[in-house]
Structures are given as structure tokens and as C-alpha cells.
Amino acid sequence: MRNARWEEIDRGGAVWTIPTARMKNGREHRVPLSDRALEVLDEARGLAAAGGWVFPQPRGDALHQKHLSELMRALRVEAVPHGFRSSFRDWAAECTDAPREVCELALAHVNTDRVEAAYRRSDLFERRRVLMAVWAAYVA
């Protein structure tokens with residue numbers, strides 16, 4: 001999210017599309033945006049710099065990864081930024097009935113089983129949209 005750009009956000013469709021070039025797996029990734037995520041983006045829009053970053057540094061560049069860690073330390077959050085992904089995955093497994101595939105796709109994990117991946121081509125977007133709405137309600 002720290003490298004999100006405004007042109008990647010489809011407010012009307014409630015989707016953030018991360019381009020292939022920024023994905024470790026080399027595939028474009030669509031992120032369904034919950035109502036609360038859209039509210040945060042609306043608030044961020046008022047702080048937008050000319051560079052096009054959704055969450056810019058004060059001087060206008062992309063937010064550096066160290067800033068998130070520094071913020072968490074300042075807020076006395078005993079975790080690291082990447083831990084949010086782990087927390088989501090644990091919550092999804094323990095507190096929802098979402099299939100493993102939906103949870104893994106929400107994290108943009110690629111199915112490493114070549115045979116299964118050949119047949120399973122959907123990104124289960126609408127199912128992930130439901131899961132992310134439930135996650136948003138949970139963290140709120």
C-alpha cells in the first residue's frame with residue numbers, strides 16, 4: 001500500500017489494481033476495497049501530492065518502508081508491518097469459513113501446484129470482496 005498510486009485506484013468499482021511490475025509473482029493483482037478502505041482513501045485524497053502517490057512522504061515521494069516501522073514503534077504497537085498479513089491469514093483461517101484458496105489469493109499468493117494452477121484460473125475476486133468486507137468490520 002505504501003507504493004499505491006492514484007491511477008491504480010478505481011473508486012467506482014472499489015478496486016485497487018497493482019500492476020505486474022510491482023508484484024513479486026509477476027502477475028497483476030486486484031484488491032477489493034471495503035467501504036472503510038474507500039473512506040481512508042477519500043481522506044488520503046486530501047493529502048495527495050503532485051507525484052501521484054496515495055500515501056506520500058512529506059516531500060512527495062513514495063512512502064519508505066522504514067516509516068511504517070517507525071510509526072508502529074512510536075505508537076507502541078508490538079508488531080512489524082508485514083505482521084498485518086500474518087494476522088489477516090490467521091484470522092481468516094480461525095474465524096471465517098473462507099476456503100484456503102480465497103485466503104491465499106487475498107494475499108496474492110500463487111498456487112505452486114502446476115497442475116492445479118492450470119485448472120484454477122479465477123482470482124475469486126467477488127469471494128475475496130466479501131472476505132475483505134468481513135475483515136474490515138473485524139479490525140474496526
# chains A, B, ... in the order shown; residues from 1 in each chain; ligands from 1
call {"tool": "residues_around", "arguments": {"residues": "Val31 in chain A", "least_positions_apart": "3", "cutoff": "12 Å", "atoms": "only C-alpha atoms", "output": "PyMOL selection string"}}
result
chain A and resi 1+4+8-11+13-19+28+34+37-38+105-108+123-133
call {"tool": "select_by_dssp", "arguments": {"residues": "range 27-67 of chain A", "states": "alpha helix (DSSP H)", "output": "list in words"}}
result
Asp35, Arg36, Ala37, Leu38, Glu39, Val40, Leu41, Asp42, Glu43, Ala44, Arg45, Gln65, Lys66 and His67 of chain A
call {"tool": "closest_residue", "arguments": {"among": "A:Arg45, A:Arg85, A:Arg36, A:Arg100", "to": "Tyr138 in chain A", "atoms": "only C-alpha atoms"}}
result
A:Arg36
call {"tool": "select_by_dssp", "arguments": {"residues": "chain A", "states": "strand (DSSP E)", "output": "MDAnalysis selection string"}}
result
chainID A and resid 9:10 15:18 29:32
call {"tool": "residues_around", "arguments": {"residues": "Asn3 in chain A", "least_positions_apart": "3", "cutoff": "12 Å", "atoms": "only C-alpha atoms", "output": "ChimeraX atom specification"}}
result
/A:6-9,16-19,21-23,51-57,60-65
call {"tool": "write_last_selection", "arguments": {"atoms": "C-alpha atoms", "output": "PDB file, in the first residue's frame"}}
result
ATOM      1  CA  TRP A   6      -3.976   7.132  -7.575  1.00  0.00           C
ATOM      2  CA  GLU A   7      -4.215   5.884 -11.161  1.00  0.00           C
ATOM      3  CA  GLU A   8      -4.365   2.313  -9.791  1.00  0.00           C
ATOM      4  CA  ILE A   9      -7.473   3.035  -7.722  1.00  0.00           C
ATOM      5  CA  TRP A  16      -7.054  -1.283  -6.429  1.00  0.00           C
ATOM      6  CA  THR A  17      -5.141  -2.892  -9.289  1.00  0.00           C
ATOM      7  CA  ILE A  18      -1.468  -3.423  -8.533  1.00  0.00           C
ATOM      8  CA  PRO A  19       0.490  -3.659 -11.786  1.00  0.00           C
ATOM      9  CA  ALA A  21       5.832  -4.725 -12.386  1.00  0.00           C
ATOM     10  CA  ARG A  22       5.288  -4.299  -8.638  1.00  0.00           C
ATOM     11  CA  MET A  23       4.211  -7.848  -7.869  1.00  0.00           C
ATOM     12  CA  GLY A  51       3.593  12.839  -7.594  1.00  0.00           C
ATOM     13  CA  GLY A  52       0.526  10.597  -7.707  1.00  0.00           C
ATOM     14  CA  TRP A  53       1.298   8.553  -4.580  1.00  0.00           C
ATOM     15  CA  VAL A  54      -1.691   7.675  -2.408  1.00  0.00           C
ATOM     16  CA  PHE A  55       0.390   7.846   0.786  1.00  0.00           C
ATOM     17  CA  PRO A  56       3.327  10.165   0.017  1.00  0.00           C
ATOM     18  CA  GLN A  57       6.170  11.252   2.239  1.00  0.00           C
ATOM     19  CA  GLY A  60       6.147  13.970  -2.139  1.00  0.00           C
ATOM     20  CA  ASP A  61       7.954  10.672  -2.903  1.00  0.00           C
ATOM     21  CA  ALA A  62       6.639   7.201  -2.186  1.00  0.00           C
ATOM     22  CA  LEU A  63       6.456   6.322   1.479  1.00  0.00           C
ATOM     23  CA  HIS A  64       9.608   4.465   2.550  1.00  0.00           C
ATOM     24  CA  GLN A  65       9.139   1.117   4.307  1.00  0.00           C
TER      25      GLN A  65
END
call {"tool": "residues_around", "arguments": {"residues": "Arg120 in chain A", "least_positions_apart": "3", "cutoff": "12 Å", "atoms": "only C-alpha atoms", "output": "PyMOL selection string"}}
result
chain A and resi 101-102+105+110-117+123-124
